[in-house]
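**Student:** Data file model_26.txt (compact mmCIF, C-alpha atoms (C1' of nucleotides)) is appended below.
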```txt
# COMPACT_ATOMS: atom_id res chain seq x y z
CA MET A 46 11.64 121.59 -51.68
CA ARG A 47 10.75 117.99 -51.13
CA ALA A 48 13.63 115.59 -50.45
CA ASP A 49 12.94 113.47 -53.54
CA ALA A 50 12.92 116.59 -55.70
CA GLU A 51 16.31 117.60 -54.33
CA ARG A 52 17.71 114.14 -55.08
CA ASN A 53 16.41 114.36 -58.63
CA ARG A 54 17.98 117.78 -59.04
CA GLU A 55 21.37 116.38 -58.15
CA ARG A 56 20.91 113.39 -60.43
CA ILE A 57 20.10 115.74 -63.31
CA ILE A 58 23.25 117.82 -62.76
CA GLU A 59 25.34 114.67 -62.53
CA SER A 60 23.86 113.25 -65.73
CA ALA A 61 24.30 116.55 -67.56
CA SER A 62 27.90 116.86 -66.40
CA ASN A 63 28.77 113.38 -67.67
CA LEU A 64 27.05 113.88 -71.00
CA PHE A 65 28.61 117.33 -71.50
CA ASP A 66 32.03 115.77 -70.99
CA ASP A 67 31.36 112.92 -73.40
CA ILE A 68 29.23 114.52 -76.09
CA GLY A 69 29.19 118.24 -75.45
CA THR A 70 26.53 120.76 -74.53
CA SER A 71 24.72 119.93 -77.77
CA VAL A 72 23.38 116.81 -76.12
CA SER A 73 19.58 116.81 -76.01
CA LEU A 74 17.51 117.44 -72.91
CA ASN A 75 15.84 114.10 -73.49
CA ASP A 76 19.17 112.33 -73.14
CA ILE A 77 20.06 114.26 -70.00
CA ALA A 78 16.70 113.37 -68.49
CA ALA A 79 17.08 109.72 -69.48
CA GLY A 80 20.57 109.63 -67.95
CA ALA A 81 19.12 110.87 -64.69
CA ASN A 82 16.19 108.41 -64.82
CA VAL A 83 13.82 111.32 -64.79
CA GLY A 84 11.11 112.64 -67.10
CA ILE A 85 11.75 115.61 -69.31
CA ALA A 86 9.17 117.64 -67.39
CA THR A 87 10.98 117.06 -64.10
CA LEU A 88 14.15 118.36 -65.63
CA LEU A 89 12.50 121.49 -67.01
CA ARG A 90 10.71 122.20 -63.76
CA ARG A 91 14.05 122.56 -61.93
CA PHE A 92 15.85 124.31 -64.77
CA PRO A 93 13.71 126.72 -66.78
CA ASP A 94 15.72 126.14 -69.93
CA LYS A 95 18.78 124.39 -71.25
CA GLN A 96 21.13 127.25 -70.44
CA ALA A 97 20.18 126.97 -66.78
CA ILE A 98 21.48 123.39 -66.69
CA ILE A 99 24.69 124.36 -68.44
CA ASP A 100 25.20 127.16 -65.94
CA ALA A 101 24.52 124.88 -62.99
CA VAL A 102 27.10 122.35 -64.16
CA PHE A 103 29.63 125.09 -64.83
CA THR A 104 29.12 126.67 -61.44
CA ARG A 105 29.92 123.35 -59.77
CA ASP A 106 33.22 123.11 -61.69
CA LEU A 107 34.03 126.75 -61.10
CA ASP A 108 33.89 126.26 -57.34
CA LEU A 109 36.71 123.75 -57.65
CA TRP A 110 38.85 126.22 -59.60
CA LEU A 111 38.35 128.95 -57.08
CA ALA A 112 39.29 126.57 -54.31
CA SER A 113 42.49 125.58 -56.15
CA ALA A 114 43.46 129.20 -56.70
CA GLY A 115 42.77 130.07 -53.09
CA ARG A 116 44.92 127.21 -51.85
CA ALA A 117 47.79 128.07 -54.21
CA ARG A 118 47.82 131.64 -52.98
CA THR A 119 49.03 130.70 -49.53
CA SER A 120 51.95 128.64 -50.82
CA ASP A 121 55.42 129.87 -49.82
CA SER A 122 56.87 128.79 -53.19
CA PRO A 123 54.89 130.94 -55.61
CA GLY A 124 56.69 129.88 -58.79
CA MET A 125 56.01 126.22 -58.12
CA ALA A 126 52.50 126.90 -56.87
CA PHE A 127 51.73 128.91 -59.97
CA LEU A 128 52.77 126.11 -62.29
CA ASP A 129 50.89 123.55 -60.21
CA LEU A 130 47.79 125.70 -60.32
CA VAL A 131 48.05 126.17 -64.06
CA ARG A 132 48.52 122.45 -64.54
CA ALA A 133 45.50 121.68 -62.37
CA LEU A 134 43.32 124.16 -64.21
CA LEU A 135 44.41 122.83 -67.58
CA THR A 136 43.85 119.21 -66.62
CA ASN A 137 40.37 120.19 -65.58
CA GLN A 138 39.82 121.89 -68.93
CA ALA A 139 40.89 118.72 -70.73
CA ARG A 140 38.41 116.67 -68.74
CA HIS A 141 35.52 119.12 -68.99
CA PRO A 142 35.59 120.59 -72.49
CA HIS A 143 32.14 122.06 -72.03
CA CYS A 144 33.62 124.65 -69.67
CA ALA A 145 35.47 126.35 -72.50
CA ASP A 146 32.71 128.49 -73.90
CA LEU A 147 31.48 129.32 -70.45
CA VAL A 148 34.92 130.54 -69.48
CA VAL A 149 35.04 132.75 -72.53
CA HIS A 150 31.46 133.89 -72.75
CA ALA A 151 30.31 133.93 -69.15
CA PHE A 152 33.02 133.74 -66.52
CA LEU A 153 35.33 136.27 -68.15
CA ARG A 154 32.61 138.73 -69.19
CA SER A 155 29.28 138.40 -67.44
CA LYS A 156 28.72 140.58 -64.41
CA ASP A 157 26.93 137.61 -62.82
CA PHE A 158 30.39 136.19 -62.18
CA ALA A 159 32.07 139.50 -61.36
CA GLU A 160 32.77 138.67 -57.74
CA GLN A 161 34.17 135.19 -58.37
CA ARG A 162 36.17 136.51 -61.29
CA GLU A 163 37.82 139.19 -59.19
CA THR A 164 38.63 136.77 -56.40
CA PHE A 165 40.18 134.37 -58.86
CA ARG A 166 42.04 137.17 -60.57
CA ALA A 167 43.38 138.51 -57.29
CA ASP A 168 44.60 135.08 -56.27
CA VAL A 169 46.36 134.52 -59.57
CA GLU A 170 47.89 138.00 -59.75
CA SER A 171 49.20 137.77 -56.23
CA LEU A 172 50.85 134.48 -57.13
CA VAL A 173 52.32 135.82 -60.36
CA ASN A 174 53.66 138.96 -58.71
CA ARG A 175 55.35 137.00 -55.97
CA GLY A 176 56.78 134.65 -58.59
CA VAL A 177 58.17 137.62 -60.52
CA THR A 178 59.85 139.21 -57.50
CA GLU A 179 61.18 135.78 -56.55
CA GLY A 180 62.81 135.70 -60.00
CA VAL A 181 61.07 132.54 -61.17
CA ILE A 182 58.48 134.07 -63.47
CA ARG A 183 59.45 136.37 -66.33
CA PRO A 184 58.53 140.02 -65.63
CA GLY A 185 55.73 141.09 -67.94
CA THR A 186 53.73 137.95 -67.27
CA THR A 187 50.20 138.88 -66.29
CA TRP A 188 46.80 137.52 -65.52
CA SER A 189 45.85 137.97 -69.15
CA ASP A 190 48.55 135.49 -70.19
CA LEU A 191 47.03 132.87 -67.97
CA VAL A 192 43.58 133.71 -69.29
CA LEU A 193 44.85 133.23 -72.82
CA LEU A 194 46.35 129.89 -71.90
CA MET A 195 43.11 128.75 -70.32
CA GLU A 196 41.07 129.94 -73.25
CA SER A 197 43.37 128.19 -75.70
CA ALA A 198 43.29 124.98 -73.72
CA GLY A 199 39.52 125.10 -73.42
CA ALA A 200 39.12 125.85 -77.09
CA LEU A 201 41.36 122.92 -78.01
CA ALA A 202 39.42 120.63 -75.70
CA LEU A 203 36.14 121.70 -77.24
CA LEU A 204 37.42 121.19 -80.76
CA ASP A 205 39.00 117.80 -80.21
CA PRO A 206 38.11 116.34 -76.81
CA HIS A 207 39.69 113.00 -77.62
CA HIS A 208 43.24 114.39 -77.89
CA ALA A 209 42.72 117.29 -75.52
CA GLU A 210 44.98 116.18 -72.70
CA GLU A 211 47.98 115.53 -74.92
CA LYS A 212 47.62 118.79 -76.83
CA ILE A 213 47.10 120.84 -73.71
CA LEU A 214 50.25 119.45 -72.12
CA HIS A 215 52.15 120.32 -75.28
CA LEU A 216 50.68 123.81 -75.19
CA LEU A 217 51.73 124.15 -71.59
CA GLU A 218 55.35 123.43 -72.53
CA HIS A 219 55.39 126.43 -74.83
CA PHE A 220 53.78 128.66 -72.25
CA GLU A 221 56.13 127.47 -69.53
CA ARG A 222 59.04 128.44 -71.75
CA SER A 223 57.39 131.78 -72.35
CA PHE A 224 56.60 132.35 -68.66
CA SER A 225 60.01 131.31 -67.45
CA VAL A 226 62.94 133.72 -66.97
CA ILE A 227 65.50 131.03 -67.77
CA PRO A 228 65.84 130.11 -71.43
CA SER A 229 66.20 126.36 -71.97
CA MET B 25 28.33 121.27 -117.14
CA ARG B 26 26.40 124.21 -118.47
CA ALA B 27 27.94 127.65 -118.06
CA ASP B 28 25.10 129.00 -115.89
CA ALA B 29 25.38 125.97 -113.64
CA GLU B 30 29.10 126.62 -113.18
CA ARG B 31 28.39 130.26 -112.29
CA ASN B 32 25.84 129.14 -109.71
CA ARG B 33 28.32 126.70 -108.23
CA GLU B 34 30.79 129.49 -107.65
CA ARG B 35 28.13 131.76 -106.19
CA ILE B 36 27.16 129.01 -103.75
CA ILE B 37 30.76 128.55 -102.56
CA GLU B 38 31.17 132.29 -102.19
CA SER B 39 27.95 132.61 -100.20
CA ALA B 40 28.86 129.64 -98.01
CA SER B 41 32.33 131.03 -97.37
CA ASN B 42 30.97 134.40 -96.26
CA LEU B 43 28.32 132.88 -94.03
CA PHE B 44 30.77 130.40 -92.48
CA ASP B 45 33.03 133.32 -91.58
CA ASP B 46 30.20 135.35 -90.07
CA ILE B 47 27.99 132.72 -88.46
CA GLY B 48 29.82 129.41 -88.62
CA THR B 49 29.23 126.11 -90.36
CA SER B 50 25.98 125.74 -88.40
CA VAL B 51 24.37 128.17 -90.83
CA SER B 52 21.43 126.55 -92.63
CA LEU B 53 21.48 125.41 -96.25
CA ASN B 54 18.50 127.66 -96.86
CA ASP B 55 20.53 130.70 -95.86
CA ILE B 56 23.47 129.65 -98.02
CA ALA B 57 21.14 129.17 -100.98
CA ALA B 58 19.45 132.50 -100.35
CA GLY B 59 22.82 134.25 -100.14
CA ALA B 60 23.72 132.82 -103.54
CA ASN B 61 20.32 133.78 -105.03
CA VAL B 62 19.71 130.15 -105.79
CA GLY B 63 17.07 127.59 -104.82
CA ILE B 64 17.83 124.96 -102.23
CA ALA B 65 17.55 122.22 -104.87
CA THR B 66 20.22 123.84 -107.01
CA LEU B 67 22.56 123.86 -104.06
CA LEU B 68 21.94 120.22 -103.22
CA ARG B 69 22.34 119.15 -106.84
CA ARG B 70 25.94 120.42 -106.90
CA PHE B 71 26.81 119.34 -103.38
CA PRO B 72 25.21 116.07 -102.31
CA ASP B 73 25.11 117.12 -98.68
CA LYS B 74 26.16 119.87 -96.33
CA GLN B 75 29.57 118.39 -95.65
CA ALA B 76 30.39 118.60 -99.35
CA ILE B 77 29.95 122.38 -99.25
CA ILE B 78 32.07 122.72 -96.14
CA ASP B 79 34.79 120.67 -97.83
CA ALA B 80 34.63 122.72 -101.00
CA VAL B 81 35.04 125.98 -99.09
CA PHE B 82 37.90 124.55 -97.06
CA THR B 83 39.69 123.25 -100.12
CA ARG B 84 39.64 126.74 -101.62
CA ASP B 85 41.27 128.19 -98.47
CA LEU B 86 43.73 125.34 -98.24
CA ASP B 87 45.10 126.10 -101.69
CA LEU B 88 46.09 129.54 -100.43
CA TRP B 89 47.96 128.06 -97.46
CA LEU B 90 49.86 125.66 -99.62
CA ALA B 91 50.82 128.49 -101.94
CA SER B 92 52.07 130.57 -98.98
CA ALA B 93 54.14 127.69 -97.66
CA GLY B 94 55.59 126.99 -101.08
CA ARG B 95 56.61 130.61 -101.54
CA ALA B 96 58.16 130.82 -98.07
CA ARG B 97 60.27 127.75 -98.73
CA THR B 98 62.36 129.49 -101.37
CA SER B 99 63.19 132.46 -99.15
CA ASP B 100 66.88 132.98 -98.35
CA SER B 101 66.04 134.22 -94.86
CA PRO B 102 64.33 131.19 -93.35
CA GLY B 103 63.86 132.55 -89.83
CA MET B 104 62.05 135.62 -91.13
CA ALA B 105 60.15 133.64 -93.74
CA PHE B 106 59.00 131.17 -91.10
CA LEU B 107 57.59 133.88 -88.87
CA ASP B 108 55.96 135.59 -91.84
CA LEU B 109 54.40 132.31 -92.88
CA VAL B 110 53.13 131.61 -89.40
CA ARG B 111 51.69 135.09 -89.17
CA ALA B 112 49.96 134.71 -92.54
CA LEU B 113 48.48 131.36 -91.59
CA LEU B 114 47.26 132.65 -88.26
CA THR B 115 45.71 135.75 -89.77
CA ASN B 116 43.87 133.48 -92.15
CA GLN B 117 42.66 131.38 -89.22
CA ALA B 118 41.34 134.48 -87.51
CA ARG B 119 39.43 135.46 -90.61
CA HIS B 120 38.09 132.00 -91.39
CA PRO B 121 37.19 130.36 -88.10
CA HIS B 122 35.32 127.59 -89.88
CA CYS B 123 38.66 126.15 -91.04
CA ALA B 124 39.57 125.12 -87.51
CA ASP B 125 37.69 121.87 -87.27
CA LEU B 126 38.62 120.94 -90.81
CA VAL B 127 42.28 121.46 -89.98
CA VAL B 128 41.95 119.19 -86.99
CA HIS B 129 39.54 116.59 -88.29
CA ALA B 130 40.28 116.46 -91.99
CA PHE B 131 43.50 118.09 -93.11
CA LEU B 132 45.67 116.62 -90.36
CA ARG B 133 44.12 113.14 -90.42
CA SER B 134 42.15 112.19 -93.49
CA LYS B 135 44.02 110.31 -96.19
CA ASP B 136 42.07 112.38 -98.72
CA PHE B 137 44.45 115.20 -97.88
CA ALA B 138 47.56 113.05 -97.50
CA GLU B 139 49.37 114.48 -100.50
CA GLN B 140 48.68 118.13 -99.66
CA ARG B 141 49.49 117.50 -96.04
CA GLU B 142 52.89 116.03 -96.86
CA THR B 143 53.74 118.84 -99.26
CA PHE B 144 52.82 121.40 -96.65
CA ARG B 145 54.71 119.53 -93.99
CA ALA B 146 57.82 119.23 -96.14
CA ASP B 147 57.76 122.96 -96.90
CA VAL B 148 57.42 123.87 -93.24
CA GLU B 149 60.03 121.39 -92.01
CA SER B 150 62.54 122.54 -94.57
CA LEU B 151 62.01 126.11 -93.40
CA VAL B 152 62.28 125.21 -89.72
CA ASN B 153 65.43 123.12 -90.23
CA ARG B 154 67.14 125.91 -92.13
CA GLY B 155 66.07 128.35 -89.44
CA VAL B 156 67.58 126.10 -86.77
CA THR B 157 70.92 125.73 -88.54
CA GLU B 158 70.92 129.48 -89.15
CA GLY B 159 70.59 129.89 -85.38
CA VAL B 160 67.35 131.83 -85.46
CA ILE B 161 64.95 129.09 -84.39
CA ARG B 162 65.42 127.15 -81.18
CA PRO B 163 66.59 123.56 -81.80
CA GLY B 164 63.81 121.12 -80.91
CA THR B 165 61.20 123.16 -82.73
CA THR B 166 59.27 120.89 -85.08
CA TRP B 167 56.37 120.74 -87.44
CA SER B 168 54.19 119.54 -84.58
CA ASP B 169 54.77 122.81 -82.73
CA LEU B 170 53.44 124.73 -85.67
CA VAL B 171 50.50 122.37 -85.95
CA LEU B 172 49.72 122.96 -82.30
CA LEU B 173 49.87 126.70 -82.79
CA MET B 174 47.55 126.51 -85.78
CA GLU B 175 45.13 124.25 -83.96
CA SER B 176 45.09 126.53 -80.95
CA ALA B 177 44.53 129.58 -83.10
CA GLY B 178 41.77 127.89 -85.04
CA ALA B 179 40.13 126.64 -81.87
CA LEU B 180 40.22 130.14 -80.38
CA ALA B 181 38.75 131.61 -83.55
CA LEU B 182 35.94 129.07 -83.54
CA LEU B 183 35.14 129.68 -79.89
CA ASP B 184 35.18 133.47 -80.02
CA PRO B 185 35.39 134.77 -83.61
CA HIS B 186 34.83 138.36 -82.54
CA HIS B 187 38.07 138.61 -80.55
CA ALA B 188 39.99 136.05 -82.58
CA GLU B 189 42.55 138.32 -84.18
CA GLU B 190 43.61 139.95 -80.93
CA LYS B 191 43.87 136.66 -79.06
CA ILE B 192 45.75 134.95 -81.83
CA LEU B 193 48.33 137.72 -81.97
CA HIS B 194 48.76 137.41 -78.23
CA LEU B 195 49.17 133.65 -78.60
CA LEU B 196 51.76 134.19 -81.29
CA GLU B 197 53.85 136.30 -78.90
CA HIS B 198 54.16 133.38 -76.52
CA PHE B 199 55.01 130.95 -79.29
CA GLU B 200 57.55 133.33 -80.77
CA ARG B 201 59.25 133.48 -77.41
CA SER B 202 59.13 129.71 -77.25
CA PHE B 203 60.41 129.27 -80.81
CA SER B 204 63.18 131.81 -80.47
CA VAL B 205 66.73 130.99 -79.31
CA ILE B 206 67.20 134.44 -77.79
CA PRO B 207 65.35 135.05 -74.54
CA SER B 208 63.84 138.53 -74.37
C1' DG C 87 15.26 128.39 -134.80
C1' DC C 88 14.25 124.54 -132.14
C1' DA C 89 14.62 120.07 -129.81
C1' DT C 90 16.10 118.42 -125.75
C1' DA C 91 19.08 117.51 -122.11
C1' DA C 92 20.41 120.00 -118.37
C1' DG C 93 19.15 122.96 -114.85
C1' DT C 94 15.90 125.29 -111.59
C1' DG C 95 12.77 126.81 -107.57
C1' DG C 96 10.20 125.98 -103.83
C1' DA C 97 6.61 123.07 -101.73
C1' DT C 98 7.12 118.97 -99.25
C1' DT C 99 8.83 115.15 -96.29
C1' DA C 100 10.88 113.23 -92.41
C1' DC C 101 13.08 114.12 -88.40
C1' DC C 102 15.01 116.32 -84.39
C1' DT C 103 14.92 119.88 -81.01
C1' DA C 104 13.44 122.67 -76.81
C1' DC C 105 9.68 123.29 -74.26
C1' DT C 106 4.34 122.80 -72.41
C1' DC C 107 0.43 120.57 -70.49
C1' DC C 108 -2.11 117.68 -67.70
C1' DA C 109 -3.86 113.43 -65.56
C1' DG C 110 -2.05 110.65 -62.16
C1' DT C 111 1.31 109.71 -58.08
C1' DT C 112 3.71 110.40 -53.76
C1' DA C 113 6.04 112.51 -49.76
C1' DG C 114 5.51 113.95 -45.31
C1' DG C 115 3.24 117.30 -41.71
C1' DG C 116 -0.51 117.08 -38.51
C1' DC D 179 -2.87 107.16 -41.11
C1' DC D 180 -4.46 110.35 -44.44
C1' DC D 181 -4.93 114.72 -46.81
C1' DT D 182 -3.04 117.74 -49.89
C1' DA D 183 0.42 120.33 -51.96
C1' DA D 184 4.28 119.15 -54.37
C1' DC D 185 5.97 116.43 -57.74
C1' DT D 186 6.11 113.33 -61.76
C1' DG D 187 6.13 111.07 -66.61
C1' DG D 188 5.37 111.19 -71.15
C1' DA D 189 2.35 112.59 -74.92
C1' DG D 190 1.95 116.64 -77.43
C1' DT D 191 3.25 121.44 -79.64
C1' DA D 192 5.83 124.59 -82.23
C1' DG D 193 9.58 125.43 -84.88
C1' DG D 194 13.80 124.60 -87.27
C1' DT D 195 16.79 121.40 -89.91
C1' DA D 196 18.67 118.61 -94.06
C1' DA D 197 17.33 116.49 -97.93
C1' DT D 198 13.65 114.98 -101.86
C1' DC D 199 10.53 115.53 -105.64
C1' DC D 200 8.62 117.26 -109.64
C1' DA D 201 6.46 120.59 -112.77
C1' DC D 202 8.53 124.22 -115.12
C1' DT D 203 12.46 126.91 -117.51
C1' DT D 204 16.64 127.68 -120.15
C1' DA D 205 21.08 127.05 -122.49
C1' DT D 206 23.19 125.18 -126.32
C1' DG D 207 24.52 121.96 -130.31
C1' DC D 208 22.84 121.17 -134.65
```
Before we go any further, please render this structure as structure tokens.
**Tutor:**
Amino acid sequence: MRADAERNRERIIESASNLFDDIGTSVSLNDIAAGANVGIATLLRRFPDKQAIIDAVFTRDLDLWLASAGRARTSDSPGMAFLDLVRALLTNQARHPHCADLVVHAFLRSKDFAEQRETFRADVESLVNRGVTEGVIRPGTTWSDLVLLMESAGALALLDPHHAEEKILHLLEHFERSFSVIPS
Amino acid sequence: MRADAERNRERIIESASNLFDDIGTSVSLNDIAAGANVGIATLLRRFPDKQAIIDAVFTRDLDLWLASAGRARTSDSPGMAFLDLVRALLTNQARHPHCADLVVHAFLRSKDFAEQRETFRADVESLVNRGVTEGVIRPGTTWSDLVLLMESAGALALLDPHHAEEKILHLLEHFERSFSVIPS
DNA sequence: GCATAAGTGGATTACCTACTCCAGTTAGGG
DNA sequence: CCCTAACTGGAGTAGGTAATCCACTTATGC
């Protein structure tokens, strides 16, 4: 691939990412191309169709999540690390609403993401289990509870991006109470 | 209005309601008209634009919510009645995903719904307050917590209608734990 | 009954979308 | 420096949308 083509590819992903955050994945290819200072043909040469762009943007975000989860795993204070991880993931959801339907429809189900999904799951479960034995996290808490929280947060962000952060933090309060062993 | 015209109006709302539940509000006016066995012109004569149909369908659902809340208010077991009400509202959300963005963008904000909103709010708050003094609901629980739960449920339903019911019930478990004074 | 206002269907318009095609441009190896 | 394969922009295509228009039909009050 020629160097200029590679630069354009990155500009397209950057433009798409920004527009997805601001407007949503319904934004038109024309606008994405314009935002990258690139013709529509250039865009469609690199990405065969619109879904390919959405996937590329999502994959970039996903890498950050996996890195967060991996880092949290090694913490020696699992309860704290778990909450920090959750908070980081949710903040990301608030900022990137477009991720929500990819989380639900691709990351959690498609076999294309099977490997990443299992890594992520293993990291989270390890953290939760250690938190439970440490007595910080309520027994019965599982990976699926975190998935539900992430799905809910993403869904809220998608529905109402403007108030997403505030609502997601409120949602987190309820889940923290539900996750915690100590009633407040 | 002529009697046949009134019949057609109801058929259009019924068709729209069914299609919104199955496909979402993105369904085309042509399909709504076809489902009502009516021409597209007939549809657009009754409802000046697409939003008017969406609003009409929502208003029909909303009346049911308000009735539920009103009935719950008179219960002499507020804690129970509150949970029953919440469960009824959430089940409705699962079945009518299209309501989600109207809840967020119209019912909770537009002054067109101000009167209904305040009635609903008063009913719910009365129930919550009685539940708190009865010692069944955790002090600090407010109307805004219920709103958040309904928004989350609606958002989930919109994002993934097929698994909505299951996810919403799961979500309710966490909120029940958070609402409750007794840790489980 | 029947006059007529109200109602109707569906072809049509205007517009927006994702995606294709191709004549012209440019990077970069030899 | 220059040749050529890679790359590019933007006009154009196909297809779907909401909304309009108008010749025709029907309910209903008298």
**Student:** Ranking D:DT191, D:DT206, D:DT186, D:DT198 by minimum distance to DT90 of chain C and counting all atoms listed in the file, which one comes first?
**Tutor:**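 Closest residue, counting all atoms listed in the file: D:DT206.
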**Student:** Residues of chain C no more than 9 Å from chain B, counting all atoms listed in the file: send them over as a ChimeraX atom specification.
**Tutor:** /C:92-96
**Student:** Pick out the closest residue to chain D from this set: B:Asp45, B:Asp55, B:Ser39, B:Leu170. Count all atoms listed in the file.
**Tutor:**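 Of all the options, B:Asp55 lies closest to chain D.
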**Student:** How many Å separate atom CA of Leu183 of chain B from atom CA of Ile77 of chain B?
**Tutor:**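 Here the two named atoms are 21.3 Å from each other.
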**Student:** Report, in Å with one decimal, the straight-line distance from atom CA of Thr70 of chain A to atom CA of Asp79 of chain B.
**Tutor:**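 Atom CA of Thr70 of chain A sits 24.7 Å away from atom CA of Asp79 of chain B.
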**Student:** Only residues of chain B matter here; which ones have an atom within 7 Å of chain A, counting only C-alpha atoms? Give them as a ChimeraX atom specification.
**Tutor:** /B:125,176,179-180,183,198-199,201-202,207
**Student:** Could the residues in this selection be saved with C-alpha atoms as a PDB file, in the coordinates of the input?
**Tutor:**
```
ATOM      1  CA  ASP B 125      37.690 121.870 -87.270  1.00  0.00           C
ATOM      2  CA  SER B 176      45.090 126.530 -80.950  1.00  0.00           C
ATOM      3  CA  ALA B 179      40.130 126.640 -81.870  1.00  0.00           C
ATOM      4  CA  LEU B 180      40.220 130.140 -80.380  1.00  0.00           C
ATOM      5  CA  LEU B 183      35.140 129.680 -79.890  1.00  0.00           C
ATOM      6  CA  HIS B 198      54.160 133.380 -76.520  1.00  0.00           C
ATOM      7  CA  PHE B 199      55.010 130.950 -79.290  1.00  0.00           C
ATOM      8  CA  ARG B 201      59.250 133.480 -77.410  1.00  0.00           C
ATOM      9  CA  SER B 202      59.130 129.710 -77.250  1.00  0.00           C
ATOM     10  CA  PRO B 207      65.350 135.050 -74.540  1.00  0.00           C
TER      11      PRO B 207
END
```
**Student:** Give the residues of chain D that lie within 10 Å of chain B; count all atoms listed in the file, and format the answer as a list of chain:residue names.
**Tutor:**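 Only these qualify: D:DG194, D:DT195, D:DA196, D:DA197, D:DT198, D:DC199, D:DT204, D:DA205, D:DT206.
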**Student:** Can you measure atom CA of Thr157 of chain B to atom CA of Ala96 of chain B for me? One decimal in Å is fine.
**Tutor:**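 Between atom CA of Thr157 of chain B and atom CA of Ala96 of chain B the gap is 16.7 Å.
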**Student:** For a quick check of understanding, using only C-alpha atoms (C1' of nucleotides), which of C:DA100, C:DA113, C:DC105, C:DA91 has the smallest distance to DA192 of chain D?
**Tutor:**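 Using only C-alpha atoms (C1' of nucleotides), the shortest distance to DA192 of chain D belongs to C:DC105.
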**Student:** Considering all atoms listed in the file, can you say which of A:Asn82, A:Met125, A:Asp106, A:Leu214 comes closest to Glu179 of chain A?
**Tutor:**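 Among the listed residues, the smallest separation from Glu179 of chain A belongs to A:Met125.
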**Student:** Using only C-alpha atoms (C1' of nucleotides), list the residues that have an atom at most 12 Å from (30.6, 129.5, -103.9), coordinates as in the file, as a ChimeraX atom specification.
**Tutor:** /B:29-44,56-57,59-62,67,70-71,76-84
**Student:** Go ahead and find all residues with at least one atom no further than 12 Å from (41.9, 138.3, -61.4) in the file's coordinates, using all atoms listed in the file; report them as a ChimeraX atom specification.
**Tutor:** /A:111,114-115,152-153,158-173,187-192
**Student:** Just the residues within 12 Å of DC180 of chain D, please, counting only C-alpha atoms (C1' of nucleotides), with nothing from its chain fewer than 6 positions along; format it as an MDAnalysis selection string.
**Tutor:** chainID C and resid 113:116
